[in-house]
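**Q** Structure file protein_38.csv (CSV, C-alpha atoms) is given on the next line.
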```csv
chain,number,residue,atom,x,y,z
H,1,MET,CA,-20.5,-29.1,-18.1
H,2,LYS,CA,-21.0,-31.7,-15.4
H,3,THR,CA,-22.8,-31.4,-12.0
H,4,LYS,CA,-21.0,-33.5,-9.4
H,5,VAL,CA,-23.3,-35.3,-7.0
H,6,GLU,CA,-21.4,-36.8,-4.1
H,7,PRO,CA,-22.6,-39.2,-1.4
H,8,GLU,CA,-24.9,-37.5,1.1
H,9,SER,CA,-25.5,-34.7,-1.4
H,10,MET,CA,-28.7,-33.8,-3.1
H,11,LEU,CA,-29.0,-33.8,-6.9
H,12,VAL,CA,-28.5,-30.4,-8.6
H,13,ARG,CA,-30.6,-30.0,-11.7
H,14,TYR,CA,-29.9,-27.3,-14.3
H,15,GLN,CA,-33.2,-25.6,-15.3
H,16,ASP,CA,-32.2,-24.4,-18.8
H,17,PRO,CA,-29.5,-26.4,-20.5
H,18,THR,CA,-29.6,-24.3,-23.7
H,19,ALA,CA,-28.4,-21.0,-22.1
H,20,LEU,CA,-25.8,-21.8,-19.4
H,21,PRO,CA,-23.9,-18.7,-18.4
H,22,ASP,CA,-20.4,-18.8,-17.0
H,23,LEU,CA,-20.4,-20.9,-13.8
H,24,TYR,CA,-17.7,-18.9,-12.1
H,25,GLU,CA,-19.4,-15.6,-12.7
H,26,LEU,CA,-22.7,-17.0,-11.4
H,27,TRP,CA,-20.9,-18.2,-8.3
H,28,VAL,CA,-19.2,-14.8,-7.7
H,29,ASP,CA,-22.6,-13.0,-8.0
H,30,ASP,CA,-24.5,-15.6,-5.9
H,31,GLU,CA,-26.7,-16.4,-8.9
H,32,LEU,CA,-26.3,-20.1,-9.2
H,33,GLY,CA,-29.6,-20.6,-7.5
H,34,ASP,CA,-31.3,-19.0,-10.6
H,35,HIS,CA,-30.2,-21.9,-12.7
H,36,PHE,CA,-29.8,-24.8,-10.3
H,37,PHE,CA,-31.9,-26.1,-7.4
H,38,ILE,CA,-29.6,-25.5,-4.4
H,39,PRO,CA,-30.8,-26.9,-1.1
H,40,GLU,CA,-30.9,-24.2,1.6
H,41,GLY,CA,-27.8,-24.4,3.9
H,42,SER,CA,-25.7,-26.2,1.4
H,43,ARG,CA,-22.1,-25.3,0.6
H,44,VAL,CA,-21.7,-24.5,-3.1
H,45,GLU,CA,-18.4,-24.5,-4.9
H,46,VAL,CA,-17.2,-24.3,-8.5
H,47,ILE,CA,-14.3,-26.7,-8.9
H,48,GLY,CA,-13.0,-27.6,-12.3
H,49,ASP,CA,-16.1,-27.7,-14.6
H,50,GLU,CA,-18.4,-28.9,-11.9
H,51,VAL,CA,-20.8,-27.3,-9.4
H,52,VAL,CA,-20.2,-29.2,-6.2
H,53,VAL,CA,-23.0,-29.0,-3.6
H,54,SER,CA,-22.2,-30.4,-0.2
H,55,PRO,CA,-24.5,-30.8,2.8
H,56,ALA,CA,-24.1,-28.9,6.0
H,57,PRO,CA,-21.1,-30.1,8.0
H,58,THR,CA,-21.4,-32.3,11.1
H,59,PRO,CA,-21.0,-31.2,14.7
H,60,GLN,CA,-17.6,-33.0,14.8
H,61,HIS,CA,-16.4,-31.0,11.8
H,62,ASN,CA,-17.7,-27.8,13.2
H,63,GLY,CA,-16.0,-28.5,16.5
H,64,MET,CA,-12.6,-28.6,14.8
H,65,VAL,CA,-13.3,-25.3,13.2
H,66,ARG,CA,-14.3,-23.8,16.5
H,67,ASP,CA,-11.1,-25.1,18.1
H,68,ILE,CA,-9.1,-23.1,15.7
H,69,VAL,CA,-11.3,-20.0,16.0
H,70,ARG,CA,-11.1,-20.2,19.8
H,71,GLU,CA,-7.3,-20.0,19.7
H,72,ILE,CA,-7.4,-17.1,17.3
H,73,ASP,CA,-9.8,-15.3,19.7
H,74,ARG,CA,-7.6,-16.1,22.6
H,75,ALA,CA,-4.5,-14.7,20.9
H,76,ALA,CA,-6.4,-11.6,20.0
H,77,MET,CA,-7.3,-11.0,23.7
H,78,LEU,CA,-3.9,-11.8,25.1
H,79,ARG,CA,-1.6,-10.3,22.5
H,80,PRO,CA,-2.6,-6.7,21.6
H,81,ASP,CA,-0.4,-6.8,18.5
H,82,PHE,CA,-2.0,-10.0,17.1
H,83,PRO,CA,-3.2,-9.0,13.7
H,84,TRP,CA,-5.3,-11.9,12.5
H,85,ASP,CA,-9.0,-12.8,12.3
H,86,ALA,CA,-11.0,-15.8,11.1
H,87,ASP,CA,-13.7,-16.1,8.5
H,88,ILE,CA,-15.9,-19.2,8.6
H,89,GLY,CA,-17.3,-20.6,5.4
H,90,SER,CA,-17.0,-17.7,2.9
H,91,GLY,CA,-16.1,-18.4,-0.7
H,92,VAL,CA,-12.7,-17.5,-1.9
H,93,SER,CA,-12.6,-16.3,-5.5
H,94,LEU,CA,-9.5,-17.6,-7.3
H,95,VAL,CA,-9.6,-15.0,-10.0
H,96,GLY,CA,-6.8,-16.3,-12.2
H,97,ALA,CA,-8.1,-19.9,-12.2
H,98,ARG,CA,-11.7,-18.7,-12.3
H,99,LYS,CA,-12.6,-21.2,-9.6
H,100,GLY,CA,-14.7,-20.8,-6.5
H,101,PRO,CA,-13.8,-23.0,-3.5
H,102,VAL,CA,-15.4,-22.5,-0.1
H,103,PRO,CA,-12.8,-23.3,2.6
H,104,ASP,CA,-14.0,-24.4,6.0
H,105,LEU,CA,-12.0,-21.5,7.5
H,106,SER,CA,-9.9,-18.6,6.3
H,107,ILE,CA,-7.4,-16.6,8.3
H,108,LEU,CA,-6.9,-13.0,7.1
H,109,ASP,CA,-5.6,-9.7,8.5
H,110,LYS,CA,-7.9,-8.2,11.1
H,111,GLN,CA,-8.1,-4.9,9.2
H,112,MET,CA,-8.8,-6.7,6.0
H,113,ALA,CA,-11.6,-8.6,7.7
H,114,LEU,CA,-13.2,-5.4,8.9
H,115,ALA,CA,-12.9,-3.9,5.4
H,116,VAL,CA,-14.6,-7.0,3.9
H,117,ARG,CA,-17.5,-6.6,6.3
H,118,ARG,CA,-17.7,-2.8,5.8
H,119,ASP,CA,-17.8,-3.1,2.0
H,120,ARG,CA,-20.3,-6.0,2.1
H,121,VAL,CA,-18.4,-8.1,-0.5
H,122,LYS,CA,-19.9,-11.4,-1.5
H,123,LYS,CA,-16.7,-13.3,-1.7
H,124,LEU,CA,-13.1,-13.1,-0.4
H,125,VAL,CA,-10.3,-13.1,-3.0
H,126,ALA,CA,-7.1,-15.1,-2.7
H,127,ASP,CA,-4.9,-12.0,-2.1
H,128,GLN,CA,-6.8,-11.2,1.1
H,129,VAL,CA,-6.2,-14.6,2.6
H,130,GLU,CA,-3.1,-15.8,4.6
H,131,LEU,CA,-4.3,-19.3,5.4
H,132,VAL,CA,-7.1,-21.6,4.3
H,133,VAL,CA,-8.3,-24.7,6.2
H,134,GLU,CA,-10.0,-27.7,4.7
H,135,ILE,CA,-11.3,-30.7,6.7
H,136,THR,CA,-11.7,-33.9,4.8
H,137,SER,CA,-14.8,-36.1,4.7
H,138,PRO,CA,-15.3,-39.4,2.8
H,139,ARG,CA,-16.8,-37.5,-0.2
H,140,ASN,CA,-14.1,-34.8,-0.6
H,141,ALA,CA,-10.8,-36.1,0.7
H,142,THR,CA,-9.3,-36.6,-2.8
H,143,THR,CA,-10.2,-33.1,-3.8
H,144,ASP,CA,-8.6,-31.6,-0.6
H,145,ARG,CA,-5.4,-33.7,-0.5
H,146,ARG,CA,-2.1,-33.2,-2.2
H,147,PRO,CA,-2.6,-35.0,-5.6
H,148,ALA,CA,-0.4,-37.5,-7.4
H,149,ALA,CA,-0.7,-35.3,-10.5
H,150,ARG,CA,-1.7,-31.7,-11.1
H,151,SER,CA,-5.5,-31.3,-11.4
H,152,LEU,CA,-7.8,-28.4,-12.0
H,153,LYS,CA,-10.2,-30.1,-9.6
H,154,ASN,CA,-7.8,-30.3,-6.7
H,155,LYS,CA,-7.7,-27.6,-4.0
H,156,TRP,CA,-4.1,-28.2,-3.1
H,157,ASN,CA,-3.2,-27.2,-6.6
H,158,LEU,CA,-5.7,-24.4,-6.8
H,159,TYR,CA,-4.7,-22.7,-3.6
H,160,SER,CA,-1.0,-22.9,-4.3
H,161,ALA,CA,-1.5,-21.6,-7.9
H,162,SER,CA,-3.3,-18.6,-6.4
H,163,GLY,CA,-0.5,-17.8,-4.0
H,164,ILE,CA,-2.3,-18.4,-0.8
H,165,PRO,CA,0.7,-18.6,1.7
H,166,TYR,CA,-0.6,-21.5,3.9
H,167,TYR,CA,-2.9,-24.4,3.5
H,168,LEU,CA,-3.9,-26.3,6.6
H,169,LEU,CA,-5.4,-29.7,5.8
H,170,ILE,CA,-7.1,-31.7,8.6
H,171,ASP,CA,-7.4,-35.3,7.3
H,172,ARG,CA,-10.0,-37.2,9.3
H,173,ASP,CA,-9.5,-40.4,7.4
H,174,PRO,CA,-9.0,-43.2,10.0
H,175,LYS,CA,-6.0,-44.4,8.0
H,176,VAL,CA,-4.4,-40.9,8.2
H,177,ALA,CA,-5.6,-38.9,11.3
H,178,ARG,CA,-3.1,-36.1,10.7
H,179,THR,CA,-3.0,-32.4,10.2
H,180,PHE,CA,-0.9,-31.1,7.4
H,181,LEU,CA,0.5,-27.6,7.0
H,182,TYR,CA,1.6,-26.7,3.4
H,183,SER,CA,3.5,-23.5,2.7
H,184,ILE,CA,5.8,-21.7,0.2
H,185,PRO,CA,3.4,-21.8,-2.7
H,186,ASP,CA,4.9,-22.0,-6.2
H,187,GLU,CA,2.3,-20.5,-8.5
H,188,GLU,CA,3.8,-21.7,-11.7
H,189,SER,CA,3.9,-25.3,-10.8
H,190,ALA,CA,0.7,-25.1,-8.6
H,191,ALA,CA,2.4,-26.7,-5.7
H,192,TYR,CA,3.4,-26.1,-2.1
H,193,LEU,CA,7.1,-26.6,-1.6
H,194,HIS,CA,7.1,-27.2,2.2
H,195,GLU,CA,5.1,-29.6,4.3
H,196,GLU,CA,4.8,-30.3,8.1
H,197,SER,CA,2.3,-32.6,9.8
H,198,TRP,CA,1.1,-33.6,13.2
H,199,LYS,CA,-0.8,-36.6,14.5
H,200,PHE,CA,-4.2,-36.0,16.0
H,201,SER,CA,-3.8,-35.1,19.7
H,202,GLU,CA,-0.5,-33.3,19.0
H,203,THR,CA,-0.4,-29.5,19.1
H,204,VAL,CA,-0.3,-27.8,15.7
H,205,HIS,CA,2.0,-24.9,15.4
H,206,LEU,CA,1.3,-22.2,12.8
H,207,PRO,CA,4.5,-20.3,12.3
H,208,GLU,CA,5.2,-16.6,11.8
H,209,PRO,CA,3.6,-14.4,10.8
H,210,ILE,CA,0.5,-16.1,12.3
H,211,ASP,CA,2.4,-17.7,15.3
H,212,LEU,CA,-0.4,-19.8,16.8
H,213,GLU,CA,-0.7,-23.0,18.8
H,214,ILE,CA,-3.8,-25.2,18.1
H,215,PRO,CA,-4.5,-28.1,20.5
H,216,THR,CA,-6.0,-31.1,18.8
H,217,VAL,CA,-6.8,-33.4,21.7
H,218,HIS,CA,-10.5,-33.6,20.8
H,219,TRP,CA,-10.1,-34.1,17.1
H,220,ASN,CA,-11.3,-37.4,15.8
H,221,THR,CA,-11.6,-39.4,12.6
H,222,TRP,CA,-14.8,-39.7,10.6
H,223,ASP,CA,-15.4,-43.3,11.8
H,224,GLU,CA,-15.4,-42.0,15.4
H,225,CYS,CA,-18.4,-39.7,15.0
```
Go through the file and emit its structure as structure tokens.

**A**
Amino acid sequence: MKTKVEPESMLVRYQDPTALPDLYELWVDDELGDHFFIPEGSRVEVIGDEVVVSPAPTPQHNGMVRDIVREIDRAAMLRPDFPWDADIGSGVSLVGARKGPVPDLSILDKQMALAVRRDRVKKLVADQVELVVEITSPRNATTDRRPAARSLKNKWNLYSASGIPYYLLIDRDPKVARTFLYSIPDEESAAYLHEESWKFSETVHLPEPIDLEIPTVHWNTWDEC
């Protein structure tokens, strides 16, 4: 087992290397802190055989998340039949893969979101989620992007293998500066079969059944922070 320490992240130390339980189960039960030092406010994921601990996101990153949530809230007010809600920063349990990513944002059915709150569950599961959003940073871009080859440490592969219908990737790399929407997941090949993309400043369109327009005029690359 390896603990991945990324730039701008703090070192995570295992307290008892002779008795390491299952990392995925510890993550699901919110018990990783019993075995690792996890700085308060960090995002903790189980990807591949690694515990990935990332620092709190920047205001620029959070602003992009808020832009999406704002359009969801606006649609809910203007369209009585709009059935979607947003979840910010909750872990999504990929049961089949036994992995635990934490998307920047998840879109799920409004009634499902209410049930999740009512039942006080600790994590979402892939079947509850219609769309996940990831925003790249210098430390995680390779993990978030479509890979050259299938990898157990790649979220594009993990989300498609778990059947999540849509994956919205906001790539803040100055050399990219685009938003990608992946759809039609093929679980067997762990791949999304369809891709659309928009340059920053162009309006992103999420198709049916979500049917949402997302302005990106204020989105910037990570060197513009």

**Q** Closest to Leu105 of chain H among H:Leu131, H:Ala148, H:Ala126, H:Val44, using all atoms listed in the file?

**A**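 Going through H:Leu131, H:Ala148, H:Ala126, H:Val44 one by one, the smallest distance to Leu105 of chain H is for H:Leu131.
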
**Q** Grab the atom CA of Pro147 of chain H to atom CA of Val95 of chain H distance for me, in Å with one decimal place.

**A**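 For atom CA of Pro147 of chain H relative to atom CA of Val95 of chain H, the distance reads 21.6 Å.
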
**Q** Which residue, H:Gln60, H:Asp223, H:Asp85, H:Asp127, has the smallest gap to Leu114 of chain H when you use all atoms listed in the file?

**A**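 Using all atoms listed in the file, Leu114 of chain H sits closest to H:Asp85.
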
**Q** Nearest to Leu158 of chain H: which of H:Thr143, H:Gln111, H:Ser183, H:Thr58 is it, counting only C-alpha atoms?

**A**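 Looking at the shortest contact to Leu158 of chain H, the residue is H:Thr143.
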
**Q** Restricting the calculation to only C-alpha atoms, which member of H:Thr179, H:Gln128, H:Ser54, H:Ser189 is positioned closest to Thr216 of chain H?

**A**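 Closest to Thr216 of chain H of all the choices is H:Thr179.
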
**Q** In Å to one decimal, how far is atom CA of Arg70 of chain H from atom CA of Glu208 of chain H?

**A**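 That distance, rounded to one decimal, is 18.5 Å.
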
**Q** Nearest residue to Ala141 of chain H out of H:Trp222, H:Ile72, H:Gly63, H:Leu108, using all atoms listed in the file?

**A**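 Ranking H:Trp222, H:Ile72, H:Gly63, H:Leu108 by distance to Ala141 of chain H, first place goes to H:Trp222.
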
**Q** Name the residues within 12 Å of (-17.3, -30.4, 9.6), counting only C-alpha atoms in the file's coordinates, and put them as a PyMOL selection string.

**A** chain H and resi 43+54-67+88-89+103-105+133-138+140+170-172+219-222+225

**Q** When distances are computed from only C-alpha atoms, which of H:Arg118, H:Asp109, H:Glu31, H:Ser42 shows the smallest separation from Phe82 of chain H?

**A**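 So, comparing all the options, the nearest one is H:Asp109.
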
**Q** Atom CA of Glu187 of chain H and atom CA of Trp84 of chain H, how far apart in Å?

**A**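 Answer for the atom CA of Trp84 of chain H to atom CA of Glu187 of chain H separation: 23.9 Å.
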
**Q** So which residues touch segment 191-201 of chain H within 6 Å, counting only C-alpha atoms, skipping near sequence neighbours fewer than 6 positions away, as an NGL selection string?

**A** :H and (157 or 160 or 177-185 or 216-217)
